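Asks: Got a structure for you, my_file18.txt, holding compact mmCIF, C-alpha atoms.
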```txt
# COMPACT_ATOMS: atom_id res chain seq x y z
CA MET A 1 -22.88 -0.85 0.63
CA THR A 2 -21.30 -2.76 3.45
CA ARG A 3 -20.86 -6.46 3.38
CA ASP A 4 -19.88 -8.41 6.48
CA THR A 5 -16.95 -10.53 5.32
CA GLU A 6 -17.24 -12.80 8.34
CA THR A 7 -20.91 -13.69 8.00
CA GLY A 8 -20.98 -13.25 4.22
CA GLU A 9 -24.26 -11.33 4.35
CA PHE A 10 -25.32 -8.55 2.00
CA GLY A 11 -26.27 -5.26 3.61
CA GLY A 12 -27.61 -2.12 1.97
CA GLU A 13 -26.78 -1.50 -1.67
CA ILE A 14 -24.02 -3.21 -3.60
CA ALA A 15 -20.86 -1.12 -3.76
CA MET A 16 -19.85 0.30 -7.12
CA GLN A 17 -16.83 -1.45 -8.58
CA LYS A 18 -14.34 -0.19 -11.14
CA THR A 19 -14.59 -1.64 -14.64
CA ILE A 20 -12.49 -4.78 -14.96
CA THR A 21 -12.14 -7.50 -17.56
CA ARG A 22 -14.22 -10.66 -17.53
CA ARG A 23 -11.15 -12.72 -16.66
CA GLU A 24 -10.23 -10.39 -13.81
CA MET A 25 -13.84 -10.49 -12.58
CA LEU A 26 -13.74 -14.28 -12.46
CA ARG A 27 -10.41 -14.28 -10.63
CA LEU A 28 -11.50 -11.65 -8.15
CA SER A 29 -14.99 -13.00 -7.51
CA GLY A 30 -13.57 -15.54 -5.12
CA ALA A 31 -12.64 -12.65 -2.83
CA VAL A 32 -16.18 -11.24 -2.82
CA LEU A 33 -17.86 -13.09 0.01
CA GLY A 34 -21.58 -13.17 -0.58
CA GLY A 35 -24.89 -14.39 0.66
CA SER A 36 -27.91 -13.20 2.56
CA LEU A 37 -31.01 -14.91 3.81
CA LEU A 38 -34.27 -14.14 2.04
CA GLY A 39 -37.29 -13.56 4.24
CA GLY A 40 -35.48 -14.96 7.27
CA LEU A 41 -35.44 -18.49 5.88
CA PRO A 42 -32.50 -20.56 7.13
CA ALA A 43 -30.01 -21.94 4.66
CA LYS A 44 -29.97 -25.68 4.18
CA SER A 45 -27.11 -27.35 5.95
CA GLY A 46 -24.38 -28.43 3.59
CA GLY A 47 -22.27 -31.54 3.38
CA SER A 48 -24.70 -34.43 3.23
CA ARG A 49 -26.26 -36.01 0.15
CA ARG A 50 -30.05 -36.08 0.14
CA SER A 51 -31.36 -39.62 -0.24
CA HIS A 52 -34.80 -38.91 -1.67
CA ARG A 53 -34.71 -35.25 -2.67
CA TYR A 54 -32.19 -33.17 -4.56
CA GLY A 55 -30.91 -29.77 -3.47
CA ALA A 56 -30.27 -27.47 -6.42
CA ALA A 57 -28.42 -24.18 -6.85
CA VAL A 58 -28.39 -21.60 -9.64
CA ILE A 59 -25.35 -19.59 -10.73
CA GLY A 60 -25.98 -16.55 -12.94
CA ARG A 61 -24.23 -13.34 -13.96
CA THR A 62 -26.47 -10.30 -14.29
CA GLY A 63 -25.07 -8.26 -17.18
CA GLU A 64 -22.63 -11.03 -18.06
CA GLY A 65 -24.85 -13.60 -19.74
CA ASP A 66 -27.59 -13.31 -17.11
CA TYR A 67 -29.59 -16.55 -16.73
CA GLY A 68 -29.75 -17.68 -20.32
CA HIS A 69 -33.23 -18.47 -21.53
CA GLY A 70 -34.83 -19.29 -18.20
CA LEU A 71 -32.11 -21.41 -16.67
CA ASP A 72 -32.84 -19.87 -13.27
CA THR A 73 -36.28 -21.50 -13.33
CA ILE A 74 -35.19 -24.81 -14.86
CA PHE A 75 -35.78 -26.68 -11.57
CA ASN A 76 -39.26 -25.26 -11.02
CA ASP A 77 -42.07 -27.84 -10.88
CA ILE A 78 -39.65 -30.78 -10.50
CA GLU A 79 -41.29 -32.51 -7.55
CA ASN A 80 -38.20 -33.87 -5.82
CA VAL A 81 -35.90 -30.88 -6.34
CA ASP A 82 -35.55 -27.96 -3.89
CA VAL A 83 -33.75 -24.81 -5.04
CA VAL A 84 -31.65 -23.86 -2.04
CA ALA A 85 -29.58 -20.93 -3.32
CA VAL A 86 -28.71 -18.51 -6.11
CA ALA A 87 -25.28 -16.96 -6.71
CA ASP A 88 -24.86 -13.71 -8.63
CA ILE A 89 -22.32 -10.97 -7.99
CA ASP A 90 -25.13 -8.46 -8.62
CA GLU A 91 -27.41 -8.38 -5.54
CA ALA A 92 -30.48 -7.07 -7.36
CA GLY A 93 -30.07 -9.73 -10.03
CA ALA A 94 -29.63 -12.40 -7.38
CA ARG A 95 -32.80 -11.35 -5.55
CA LYS A 96 -34.85 -11.36 -8.75
CA ALA A 97 -33.53 -14.80 -9.67
CA ALA A 98 -34.31 -16.06 -6.17
CA GLU A 99 -37.88 -14.84 -6.53
CA ARG A 100 -38.25 -16.59 -9.88
CA SER A 101 -36.67 -19.83 -8.74
CA GLY A 102 -37.91 -19.95 -5.15
CA ALA A 103 -34.36 -20.08 -3.81
CA GLU A 104 -33.98 -19.65 -0.06
CA THR A 105 -30.57 -17.96 -0.01
CA ILE A 106 -28.53 -15.65 -2.23
CA TYR A 107 -24.76 -15.38 -2.51
CA ALA A 108 -22.40 -13.04 -4.34
CA ASP A 109 -19.66 -15.66 -4.41
CA TYR A 110 -20.62 -18.91 -6.11
CA ARG A 111 -17.61 -20.67 -4.55
CA MET A 112 -18.89 -19.93 -1.06
CA MET A 113 -22.34 -21.08 -2.09
CA LEU A 114 -21.04 -24.38 -3.45
CA GLN A 115 -18.92 -25.06 -0.38
CA LYS A 116 -21.63 -24.12 2.12
CA GLU A 117 -24.71 -25.57 0.42
CA GLN A 118 -23.10 -28.66 -1.14
CA PRO A 119 -25.89 -28.87 -3.76
CA ASP A 120 -26.66 -32.05 -5.66
CA LEU A 121 -27.51 -30.12 -8.84
CA VAL A 122 -26.22 -26.84 -10.26
CA SER A 123 -27.58 -24.75 -13.11
CA ILE A 124 -24.71 -22.82 -14.72
CA ALA A 125 -27.11 -20.40 -16.26
CA MET A 126 -25.22 -17.56 -17.94
CA ARG A 127 -25.10 -17.56 -21.74
CA HIS A 128 -21.52 -16.36 -21.99
CA PRO A 129 -19.30 -19.45 -22.12
CA TRP A 130 -16.10 -17.91 -20.74
CA TRP A 131 -17.45 -18.48 -17.23
CA HIS A 132 -18.39 -22.11 -17.81
CA ARG A 133 -15.15 -24.02 -17.32
CA GLU A 134 -14.09 -22.46 -14.01
CA ILE A 135 -17.57 -22.70 -12.50
CA ALA A 136 -18.12 -26.26 -13.76
CA LEU A 137 -14.86 -27.45 -12.23
CA GLU A 138 -15.81 -25.90 -8.88
CA ALA A 139 -19.24 -27.58 -9.03
CA ILE A 140 -17.70 -30.93 -9.92
CA ASP A 141 -15.29 -30.54 -7.00
CA VAL A 142 -18.22 -30.55 -4.54
CA GLY A 143 -19.89 -33.46 -6.33
CA ALA A 144 -22.69 -31.50 -8.00
CA HIS A 145 -24.24 -32.63 -11.27
CA ILE A 146 -24.58 -29.85 -13.84
CA TYR A 147 -27.06 -28.36 -16.26
CA MET A 148 -25.37 -25.69 -18.39
CA ASP A 149 -26.36 -23.16 -21.00
CA LYS A 150 -24.94 -23.42 -24.49
CA PRO A 151 -22.45 -22.93 -26.03
CA PHE A 152 -20.76 -25.42 -23.72
CA THR A 153 -17.39 -23.64 -23.69
CA GLU A 154 -15.32 -21.18 -25.71
CA THR A 155 -12.66 -23.73 -26.65
CA LEU A 156 -12.31 -27.46 -26.98
CA THR A 157 -9.48 -27.44 -24.45
CA GLU A 158 -11.93 -26.09 -21.86
CA ALA A 159 -14.55 -28.65 -22.84
CA ASP A 160 -12.02 -31.48 -22.61
CA SER A 161 -10.99 -30.47 -19.09
CA ILE A 162 -14.60 -30.29 -17.87
CA LEU A 163 -15.48 -33.69 -19.31
CA GLN A 164 -12.34 -35.34 -17.93
CA SER A 165 -13.02 -33.96 -14.46
CA ALA A 166 -16.68 -35.04 -14.65
CA GLN A 167 -15.68 -38.53 -15.74
CA ASP A 168 -13.19 -38.83 -12.88
CA ARG A 169 -15.93 -37.92 -10.36
CA ASN A 170 -18.83 -39.71 -12.10
CA ILE A 171 -20.63 -36.39 -12.57
CA LYS A 172 -23.43 -36.02 -15.13
CA ILE A 173 -23.69 -32.91 -17.31
CA GLY A 174 -26.68 -31.75 -19.35
CA VAL A 175 -26.51 -28.97 -21.95
CA ALA A 176 -29.31 -26.62 -23.07
CA HIS A 177 -29.72 -27.59 -26.71
CA HIS A 178 -33.50 -27.48 -26.54
CA ARG A 179 -34.45 -29.49 -29.65
CA ARG A 180 -33.29 -32.70 -27.96
CA TYR A 181 -36.03 -32.26 -25.35
CA MET A 182 -38.95 -31.57 -27.73
CA ARG A 183 -41.25 -34.49 -28.53
CA GLU A 184 -41.67 -33.59 -32.20
CA PHE A 185 -37.92 -33.50 -32.79
CA LEU A 186 -37.40 -36.75 -30.87
CA ALA A 187 -40.15 -38.43 -32.89
CA LEU A 188 -38.59 -37.23 -36.14
CA LYS A 189 -35.40 -39.13 -35.42
CA GLN A 190 -37.28 -42.40 -34.93
CA LEU A 191 -39.40 -41.82 -38.02
CA LEU A 192 -36.30 -41.16 -40.13
CA GLN A 193 -34.77 -44.39 -38.84
CA ASP A 194 -38.03 -46.16 -39.77
CA GLY A 195 -37.72 -44.92 -43.37
CA LEU A 196 -40.26 -42.08 -43.40
CA ILE A 197 -38.52 -40.44 -46.40
CA GLY A 198 -36.51 -43.44 -47.57
CA GLU A 199 -32.74 -43.22 -47.30
CA VAL A 200 -31.62 -39.85 -45.96
CA LEU A 201 -29.38 -38.00 -48.41
CA GLU A 202 -28.70 -34.67 -46.74
CA ILE A 203 -29.88 -32.04 -44.29
CA ARG A 204 -29.73 -28.32 -45.03
CA SER A 205 -29.89 -26.01 -42.02
CA TYR A 206 -30.16 -22.24 -42.13
CA GLY A 207 -29.30 -19.64 -39.51
CA LYS A 208 -31.68 -16.90 -38.48
CA GLN A 209 -29.72 -14.53 -40.73
CA ASP A 210 -30.69 -11.31 -39.00
CA ARG A 211 -28.23 -8.59 -37.97
CA ARG A 212 -26.06 -11.34 -36.45
CA VAL A 213 -25.69 -12.99 -39.86
CA GLY A 214 -22.57 -15.07 -40.43
CA GLY A 215 -20.17 -15.94 -37.64
CA GLU A 216 -22.34 -14.72 -34.77
CA ASP A 217 -25.34 -16.56 -36.17
CA LEU A 218 -23.19 -19.69 -36.18
CA ILE A 219 -22.25 -19.57 -32.49
CA VAL A 220 -25.51 -18.16 -31.09
CA LEU A 221 -28.14 -20.13 -33.06
CA GLY A 222 -26.15 -22.44 -35.30
CA THR A 223 -25.02 -24.52 -32.34
CA HIS A 224 -28.63 -25.71 -32.00
CA ASP A 225 -28.63 -26.75 -35.66
CA LEU A 226 -25.27 -28.50 -35.48
CA ASP A 227 -26.27 -30.27 -32.28
CA TYR A 228 -29.44 -31.57 -33.92
CA MET A 229 -27.47 -32.80 -36.93
CA GLN A 230 -25.19 -34.72 -34.60
CA TYR A 231 -28.22 -36.07 -32.70
CA LEU A 232 -29.85 -37.34 -35.90
CA PHE A 233 -26.85 -38.72 -37.74
CA GLY A 234 -24.08 -39.32 -35.21
CA ASN A 235 -20.62 -37.83 -34.98
CA PRO A 236 -19.44 -35.99 -38.10
CA LEU A 237 -16.44 -37.27 -40.06
CA TRP A 238 -15.11 -34.05 -41.59
CA CYS A 239 -15.97 -30.43 -42.34
CA SER A 240 -15.33 -28.20 -45.32
CA ALA A 241 -16.33 -24.53 -44.95
CA SER A 242 -16.17 -21.05 -46.40
CA VAL A 243 -16.26 -17.92 -44.21
CA THR A 244 -16.27 -14.59 -46.00
CA VAL A 245 -16.85 -10.84 -45.55
CA GLY A 246 -18.25 -9.03 -48.56
CA GLY A 247 -17.56 -12.10 -50.64
CA GLN A 248 -13.85 -12.19 -49.70
CA ASP A 249 -12.09 -14.69 -47.45
CA ILE A 250 -11.88 -13.51 -43.84
CA ARG A 251 -8.68 -11.86 -42.67
CA PRO A 252 -7.39 -11.39 -39.09
CA ALA A 253 -8.79 -7.84 -39.13
CA ASP A 254 -12.28 -9.31 -39.57
CA VAL A 255 -12.20 -11.05 -36.18
CA GLN A 256 -14.36 -9.09 -33.72
CA GLU A 257 -16.89 -9.34 -30.91
CA GLY A 258 -20.48 -9.68 -32.10
CA TYR A 259 -23.61 -7.95 -30.81
CA GLU A 260 -23.42 -10.57 -28.12
CA PRO A 261 -19.76 -10.56 -27.07
CA TYR A 262 -18.66 -13.79 -28.72
CA LEU A 263 -15.46 -13.71 -30.79
CA VAL A 264 -16.66 -14.19 -34.39
CA ALA A 265 -15.71 -13.53 -38.00
CA GLY A 266 -17.51 -13.38 -41.32
CA ASP A 267 -20.83 -12.07 -42.58
CA THR A 268 -21.41 -15.25 -44.58
CA VAL A 269 -20.77 -18.84 -43.53
CA ARG A 270 -21.30 -21.93 -45.64
CA ALA A 271 -20.31 -25.25 -44.09
CA ARG A 272 -20.57 -28.87 -45.14
CA TYR A 273 -20.28 -31.88 -42.82
CA ALA A 274 -19.94 -35.52 -43.75
CA PHE A 275 -21.70 -38.19 -41.68
CA SER A 276 -21.75 -41.96 -41.92
CA GLU A 277 -24.23 -43.66 -44.29
CA ASN A 278 -23.11 -41.19 -46.99
CA ILE A 279 -25.18 -38.36 -45.45
CA SER A 280 -24.17 -34.72 -45.90
CA GLY A 281 -25.08 -31.86 -43.60
CA TYR A 282 -25.04 -28.23 -44.70
CA TRP A 283 -25.30 -25.07 -42.60
CA SER A 284 -25.43 -21.55 -43.99
CA SER A 285 -25.96 -17.95 -42.89
CA VAL A 286 -25.71 -15.52 -45.78
CA LYS A 287 -25.44 -11.73 -45.87
CA THR A 288 -27.35 -10.27 -48.80
CA GLY A 289 -27.91 -6.83 -50.24
CA ASP A 290 -31.71 -6.76 -49.97
CA HIS A 291 -34.20 -7.15 -47.10
CA TRP A 292 -33.30 -10.77 -46.37
CA ASN A 293 -31.29 -9.90 -43.25
CA ASN A 294 -33.65 -7.25 -41.84
CA ALA A 295 -37.29 -6.80 -40.96
CA ALA A 296 -38.91 -5.10 -43.94
CA GLU A 297 -42.28 -4.91 -45.59
CA VAL A 298 -42.36 -6.19 -49.16
CA GLU A 299 -45.64 -6.09 -51.06
CA GLY A 300 -47.53 -5.89 -47.77
CA ASP A 301 -45.74 -8.82 -46.10
CA LEU A 302 -43.45 -8.35 -43.11
CA LEU A 303 -40.46 -10.55 -43.85
CA GLU A 304 -39.67 -11.10 -40.19
CA ASP A 305 -43.00 -12.91 -39.88
CA ARG A 306 -41.46 -15.69 -41.95
CA GLN A 307 -38.68 -17.55 -40.20
CA LYS A 308 -35.50 -18.24 -42.13
CA TRP A 309 -34.11 -20.26 -39.21
CA GLY A 310 -34.90 -23.93 -39.83
CA PHE A 311 -33.92 -26.96 -41.86
CA ASP A 312 -34.88 -29.28 -44.71
CA ILE A 313 -34.02 -32.98 -44.87
CA PHE A 314 -33.97 -34.69 -48.27
CA GLY A 315 -34.45 -38.43 -48.73
CA THR A 316 -34.95 -40.86 -51.59
CA ALA A 317 -38.72 -40.95 -50.94
CA GLY A 318 -39.58 -37.57 -49.43
CA ILE A 319 -38.61 -34.24 -47.89
CA ILE A 320 -38.84 -32.93 -44.31
CA TYR A 321 -39.41 -29.20 -43.80
CA TYR A 322 -39.11 -27.29 -40.51
CA ARG A 323 -39.67 -23.63 -39.66
CA ALA A 324 -40.81 -22.47 -36.24
CA GLU A 325 -44.11 -20.96 -37.38
CA ASP A 326 -45.04 -24.05 -39.41
CA GLY A 327 -43.62 -26.88 -37.34
CA ILE A 328 -42.38 -30.02 -39.06
CA ARG A 329 -43.97 -30.98 -42.38
CA VAL A 330 -43.45 -33.95 -44.69
CA LEU A 331 -43.65 -34.09 -48.48
CA PRO A 332 -44.10 -37.72 -49.62
CA SER A 333 -41.99 -37.15 -52.73
CA PRO A 334 -38.22 -36.76 -53.18
CA TYR A 335 -38.81 -33.48 -55.03
CA PRO A 336 -41.63 -30.89 -54.90
CA ASP A 337 -43.08 -31.67 -58.33
CA PRO A 338 -45.80 -29.11 -59.13
CA GLY A 339 -47.20 -31.42 -61.81
CA VAL A 340 -48.35 -34.08 -59.33
CA GLU A 341 -51.54 -32.70 -57.80
CA HIS A 342 -52.11 -35.34 -55.12
CA ILE A 343 -48.73 -34.74 -53.44
CA ASP A 344 -48.88 -32.12 -50.70
CA TRP A 345 -47.19 -31.20 -47.45
CA ARG A 346 -48.46 -33.17 -44.46
CA GLU A 347 -48.03 -33.01 -40.70
CA LEU A 348 -45.42 -35.25 -39.13
CA PRO A 349 -47.10 -38.64 -38.41
CA ALA A 350 -45.86 -38.74 -34.83
CA ASP A 351 -49.02 -39.88 -33.02
CA GLY A 352 -47.84 -43.47 -32.69
CA ILE A 353 -44.35 -42.56 -31.52
CA SER A 354 -43.74 -43.07 -27.79
CA VAL A 355 -41.21 -40.77 -26.14
CA PRO A 356 -40.28 -41.35 -22.46
CA ASP A 357 -41.29 -38.36 -20.32
CA HIS A 358 -37.82 -37.95 -18.85
CA GLN A 359 -36.44 -37.24 -22.32
CA THR A 360 -38.71 -34.22 -22.73
CA HIS A 361 -37.43 -32.18 -19.78
CA PRO A 362 -33.73 -31.39 -19.29
CA ILE A 363 -33.72 -31.82 -15.51
CA ARG A 364 -35.78 -35.01 -15.58
CA SER A 365 -33.30 -36.26 -18.17
CA LEU A 366 -30.38 -35.30 -15.91
CA LEU A 367 -31.96 -37.00 -12.88
CA HIS A 368 -32.66 -40.13 -14.94
CA ALA A 369 -29.00 -40.24 -15.94
CA ILE A 370 -27.86 -39.81 -12.34
CA GLU A 371 -30.14 -42.59 -11.11
CA THR A 372 -29.51 -45.07 -13.94
CA GLY A 373 -25.88 -44.39 -14.78
CA GLY A 374 -26.78 -43.35 -18.33
CA GLU A 375 -26.28 -40.03 -20.08
CA PRO A 376 -28.62 -37.01 -20.29
CA GLN A 377 -30.55 -36.46 -23.50
CA CYS A 378 -28.02 -33.74 -24.37
CA SER A 379 -24.81 -34.57 -22.53
CA GLY A 380 -21.61 -32.65 -21.98
CA THR A 381 -20.05 -34.73 -24.74
CA ASP A 382 -22.84 -33.63 -27.07
CA GLY A 383 -22.27 -30.02 -26.01
CA ARG A 384 -18.59 -30.39 -26.89
CA TRP A 385 -19.49 -31.70 -30.35
CA ALA A 386 -21.39 -28.50 -31.13
CA VAL A 387 -18.34 -26.44 -30.12
CA GLU A 388 -16.11 -28.73 -32.20
CA MET A 389 -18.32 -28.38 -35.27
CA VAL A 390 -18.14 -24.57 -34.97
CA SER A 391 -14.36 -24.65 -34.50
CA ALA A 392 -14.04 -26.84 -37.58
CA VAL A 393 -15.72 -24.17 -39.72
CA TYR A 394 -13.00 -21.62 -38.95
CA GLN A 395 -10.19 -24.17 -39.08
CA SER A 396 -11.32 -25.29 -42.53
CA GLN A 397 -11.51 -21.71 -43.82
CA ILE A 398 -8.16 -20.66 -42.36
CA GLN A 399 -6.34 -23.81 -43.50
CA GLY A 400 -8.01 -23.79 -46.90
CA LYS A 401 -8.97 -27.46 -46.74
CA ARG A 402 -11.45 -29.82 -45.16
CA VAL A 403 -10.61 -30.89 -41.61
CA ALA A 404 -11.21 -34.28 -40.02
CA PHE A 405 -12.84 -35.01 -36.68
CA PRO A 406 -11.83 -35.13 -33.92
CA LEU A 407 -9.90 -31.90 -34.36
CA ASP A 408 -6.22 -32.03 -33.44
CA ASP A 409 -6.11 -28.31 -32.62
CA ARG A 410 -8.26 -27.75 -29.52
CA SER A 411 -7.62 -23.99 -29.18
CA HIS A 412 -9.93 -21.16 -30.26
CA PRO A 413 -9.28 -20.91 -34.03
CA LEU A 414 -9.87 -17.16 -34.19
CA ARG A 415 -7.54 -16.32 -31.31
CA GLU A 416 -4.69 -17.96 -33.22
CA PHE A 417 -5.65 -16.38 -36.57
CA THR A 418 -2.86 -13.95 -37.46
```
How does the structure come out when it is put into structure tokens?
Replies:
Amino acid sequence: MTRDTETGEFGGEIAMQKTITRREMLRLSGAVLGGSLLGGLPAKSGGSRRSHRYGAAVIGRTGEGDYGHGLDTIFNDIENVDVVAVADIDEAGARKAAERSGAETIYADYRMMLQKEQPDLVSIAMRHPWWHREIALEAIDVGAHIYMDKPFTETLTEADSILQSAQDRNIKIGVAHHRRYMREFLALKQLLQDGLIGEVLEIRSYGKQDRRVGGEDLIVLGTHDLDYMQYLFGNPLWCSASVTVGGQDIRPADVQEGYEPYLVAGDTVRARYAFSENISGYWSSVKTGDHWNNAAEVEGDLLEDRQKWGFDIFGTAGIIYYRAEDGIRVLPSPYPDPGVEHIDWRELPADGISVPDHQTHPIRSLLHAIETGGEPQCSGTDGRWAVEMVSAVYQSQIQGKRVAFPLDDRSHPLREFT
């Protein structure tokens, strides 16, 4: 392929590149000038803030985290948002994302896109967090507010730098922990505060516990669970955790990349968090020797049809149960006593709970924060807490003791594990 480095337009097919590391790719991508017009549509002029409408851009990485779970279409159907551009070093991936999002222009270099388009909003869409800090800082530099896939960052140091830069520029950041935008989960928080199950004693959350069981389950899916704990009960006070392989404490040799290329360790994780009001939070993902971790048919039932990923909340007057296929259910008793016939599981009584519409869509929540000076329903600070709660699990295991929040060590705990 040829690419005109003066006009920045794609032409023909993308040239094959030698294999390089992710870090090298990020460093070199600034030298790859990209962008071509789709269907002859002109690019929006950059530089000026739009007074009544918002210009949005999407940054993805085909083959390197892609566009998360639909973060290229996150602006679709938002009446006062126009998607002006997509950036992806892979031209075919960029064109497909442009078709899905309705973007007018594609770029190979996200830096060029940000400088030329000057968007008001940016979706940092790729799942892999090692791109997030550098891209976020570039977006903040042009004054763009951000919606970002989770996990927020790889390390707390990266998260700290993003949040400090955003604070200095009065930039709002939303993070894709989806339970905070779902009406049923929002209603549950209010109902718990209203005493639906009496005083809350503890929450027990469980990973999906499939082939990614253990450390990868923690970072890929567990971040949603930890984020929801923090949403319900506030910032945690301390963490005590066990991370093992084959029942033995993890060693440096157990640190590896998972099926998704996150740095992880352990095939079993058990973590406890303390919250105010004497509430405990537990999270576990356990490797077993039977069919628990794999799809298998047992006595005619396909185990994968029954979700293990979910949570239970125990109170002095009842129990909350959640699994995806069942939704949220309530038992009006502090223990499931089989001898009391009139006690049964009921649907969450959420009909009378009012939830503002802007809280139920991540971009509406972000726009509301921009226009009111508040924070998005899941903010960058919230995204950092999920990363911090994961880091605490490994720090507790490696140090052999419970660790207090906020963590003093802001580095990646497994990179320093020797």
Asks: Let me make sure I understand: among A:Met148, A:Ala85, A:Ala166, A:Leu221, which one has the smallest atom-to-atom distance to Met126 (chain A) if we use all atoms listed in the file?
Replies: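 Residue with the minimum atom-to-atom distance to Met126 (chain A): A:Met148.
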Asks: Which polymer residues have any atom within 7 Å of an atom of region 347-362 of chain A, counting all atoms listed in the file, with same-chain residues fewer than 2 positions away left out, as an MDAnalysis selection string?
Replies: chainID A and resid 181:183 187 328:330 364:366 368 377
Asks: Once you count all atoms listed in the file, what closest atom pair and distance in Å to one decimal does each residue of region 216-300 of chain A within 12 Å of region 192-204 of chain A have, with rows by chain and rising residue number, as JSON lines?
Replies:
```
{"residue": "A:Gly222", "atom": "CA", "partner": "A:Arg204", "partner_atom": "CA", "distance": 11.9}
{"residue": "A:Asp225", "atom": "CA", "partner": "A:Arg204", "partner_atom": "CA", "distance": 9.6}
{"residue": "A:Leu226", "atom": "CA", "partner": "A:Arg204", "partner_atom": "CA", "distance": 10.5}
{"residue": "A:Tyr228", "atom": "CA", "partner": "A:Ile203", "partner_atom": "CA", "distance": 10.4}
{"residue": "A:Met229", "atom": "CA", "partner": "A:Ile203", "partner_atom": "CA", "distance": 7.8}
{"residue": "A:Gln230", "atom": "CA", "partner": "A:Ile203", "partner_atom": "CA", "distance": 11.1}
{"residue": "A:Leu232", "atom": "CA", "partner": "A:Leu192", "partner_atom": "CA", "distance": 8.6}
{"residue": "A:Phe233", "atom": "CA", "partner": "A:Val200", "partner_atom": "CA", "distance": 9.6}
{"residue": "A:Arg270", "atom": "CA", "partner": "A:Arg204", "partner_atom": "CA", "distance": 10.6}
{"residue": "A:Ala271", "atom": "CA", "partner": "A:Arg204", "partner_atom": "CA", "distance": 10.0}
{"residue": "A:Arg272", "atom": "CA", "partner": "A:Arg204", "partner_atom": "CA", "distance": 9.2}
{"residue": "A:Tyr273", "atom": "CA", "partner": "A:Glu202", "partner_atom": "CA", "distance": 9.7}
{"residue": "A:Ala274", "atom": "CA", "partner": "A:Glu202", "partner_atom": "CA", "distance": 9.3}
{"residue": "A:Phe275", "atom": "CA", "partner": "A:Glu202", "partner_atom": "CA", "distance": 9.3}
{"residue": "A:Ser276", "atom": "CA", "partner": "A:Leu201", "partner_atom": "CA", "distance": 10.8}
{"residue": "A:Glu277", "atom": "CA", "partner": "A:Val200", "partner_atom": "CA", "distance": 8.5}
{"residue": "A:Asn278", "atom": "CA", "partner": "A:Leu201", "partner_atom": "CA", "distance": 7.2}
{"residue": "A:Ile279", "atom": "CA", "partner": "A:Leu201", "partner_atom": "CA", "distance": 5.2}
{"residue": "A:Ser280", "atom": "CA", "partner": "A:Glu202", "partner_atom": "CA", "distance": 4.6}
{"residue": "A:Gly281", "atom": "CA", "partner": "A:Ile203", "partner_atom": "CA", "distance": 4.9}
{"residue": "A:Tyr282", "atom": "CA", "partner": "A:Arg204", "partner_atom": "CA", "distance": 4.7}
{"residue": "A:Trp283", "atom": "CA", "partner": "A:Arg204", "partner_atom": "CA", "distance": 6.0}
{"residue": "A:Ser284", "atom": "CA", "partner": "A:Arg204", "partner_atom": "CA", "distance": 8.1}
{"residue": "A:Ser285", "atom": "CA", "partner": "A:Arg204", "partner_atom": "CA", "distance": 11.2}
```
Asks: Write a file of the just-selected residues containing C-alpha atoms, as a PDB file, in the coordinates of the input.
Replies:
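Contents of selection.pdb, as written:
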```pdb
ATOM      1  CA  GLY A 222     -26.150 -22.440 -35.300  1.00  0.00           C
ATOM      2  CA  ASP A 225     -28.630 -26.750 -35.660  1.00  0.00           C
ATOM      3  CA  LEU A 226     -25.270 -28.500 -35.480  1.00  0.00           C
ATOM      4  CA  TYR A 228     -29.440 -31.570 -33.920  1.00  0.00           C
ATOM      5  CA  MET A 229     -27.470 -32.800 -36.930  1.00  0.00           C
ATOM      6  CA  GLN A 230     -25.190 -34.720 -34.600  1.00  0.00           C
ATOM      7  CA  LEU A 232     -29.850 -37.340 -35.900  1.00  0.00           C
ATOM      8  CA  PHE A 233     -26.850 -38.720 -37.740  1.00  0.00           C
ATOM      9  CA  ARG A 270     -21.300 -21.930 -45.640  1.00  0.00           C
ATOM     10  CA  ALA A 271     -20.310 -25.250 -44.090  1.00  0.00           C
ATOM     11  CA  ARG A 272     -20.570 -28.870 -45.140  1.00  0.00           C
ATOM     12  CA  TYR A 273     -20.280 -31.880 -42.820  1.00  0.00           C
ATOM     13  CA  ALA A 274     -19.940 -35.520 -43.750  1.00  0.00           C
ATOM     14  CA  PHE A 275     -21.700 -38.190 -41.680  1.00  0.00           C
ATOM     15  CA  SER A 276     -21.750 -41.960 -41.920  1.00  0.00           C
ATOM     16  CA  GLU A 277     -24.230 -43.660 -44.290  1.00  0.00           C
ATOM     17  CA  ASN A 278     -23.110 -41.190 -46.990  1.00  0.00           C
ATOM     18  CA  ILE A 279     -25.180 -38.360 -45.450  1.00  0.00           C
ATOM     19  CA  SER A 280     -24.170 -34.720 -45.900  1.00  0.00           C
ATOM     20  CA  GLY A 281     -25.080 -31.860 -43.600  1.00  0.00           C
ATOM     21  CA  TYR A 282     -25.040 -28.230 -44.700  1.00  0.00           C
ATOM     22  CA  TRP A 283     -25.300 -25.070 -42.600  1.00  0.00           C
ATOM     23  CA  SER A 284     -25.430 -21.550 -43.990  1.00  0.00           C
ATOM     24  CA  SER A 285     -25.960 -17.950 -42.890  1.00  0.00           C
TER      25      SER A 285
END
```
Asks: Using all atoms listed in the file, which of the listed residues (A:Ala265, A:Leu331, A:Val220, A:Ile313) sits closest to Tyr394 (chain A)?
Replies: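 Nearest to Tyr394 (chain A): A:Ala265.
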Asks: Padding 8 Å on every side, please: axis-aligned box over the listed atoms of region 129-137 of chain A, centre and edge lengths to one decimal in Å, as lines of an AutoDock Vina configuration file.
Replies:
```
center_x = -16.7
center_y = -22.7
center_z = -17.2
size_x = 21.2
size_y = 25.5
size_z = 25.9
```
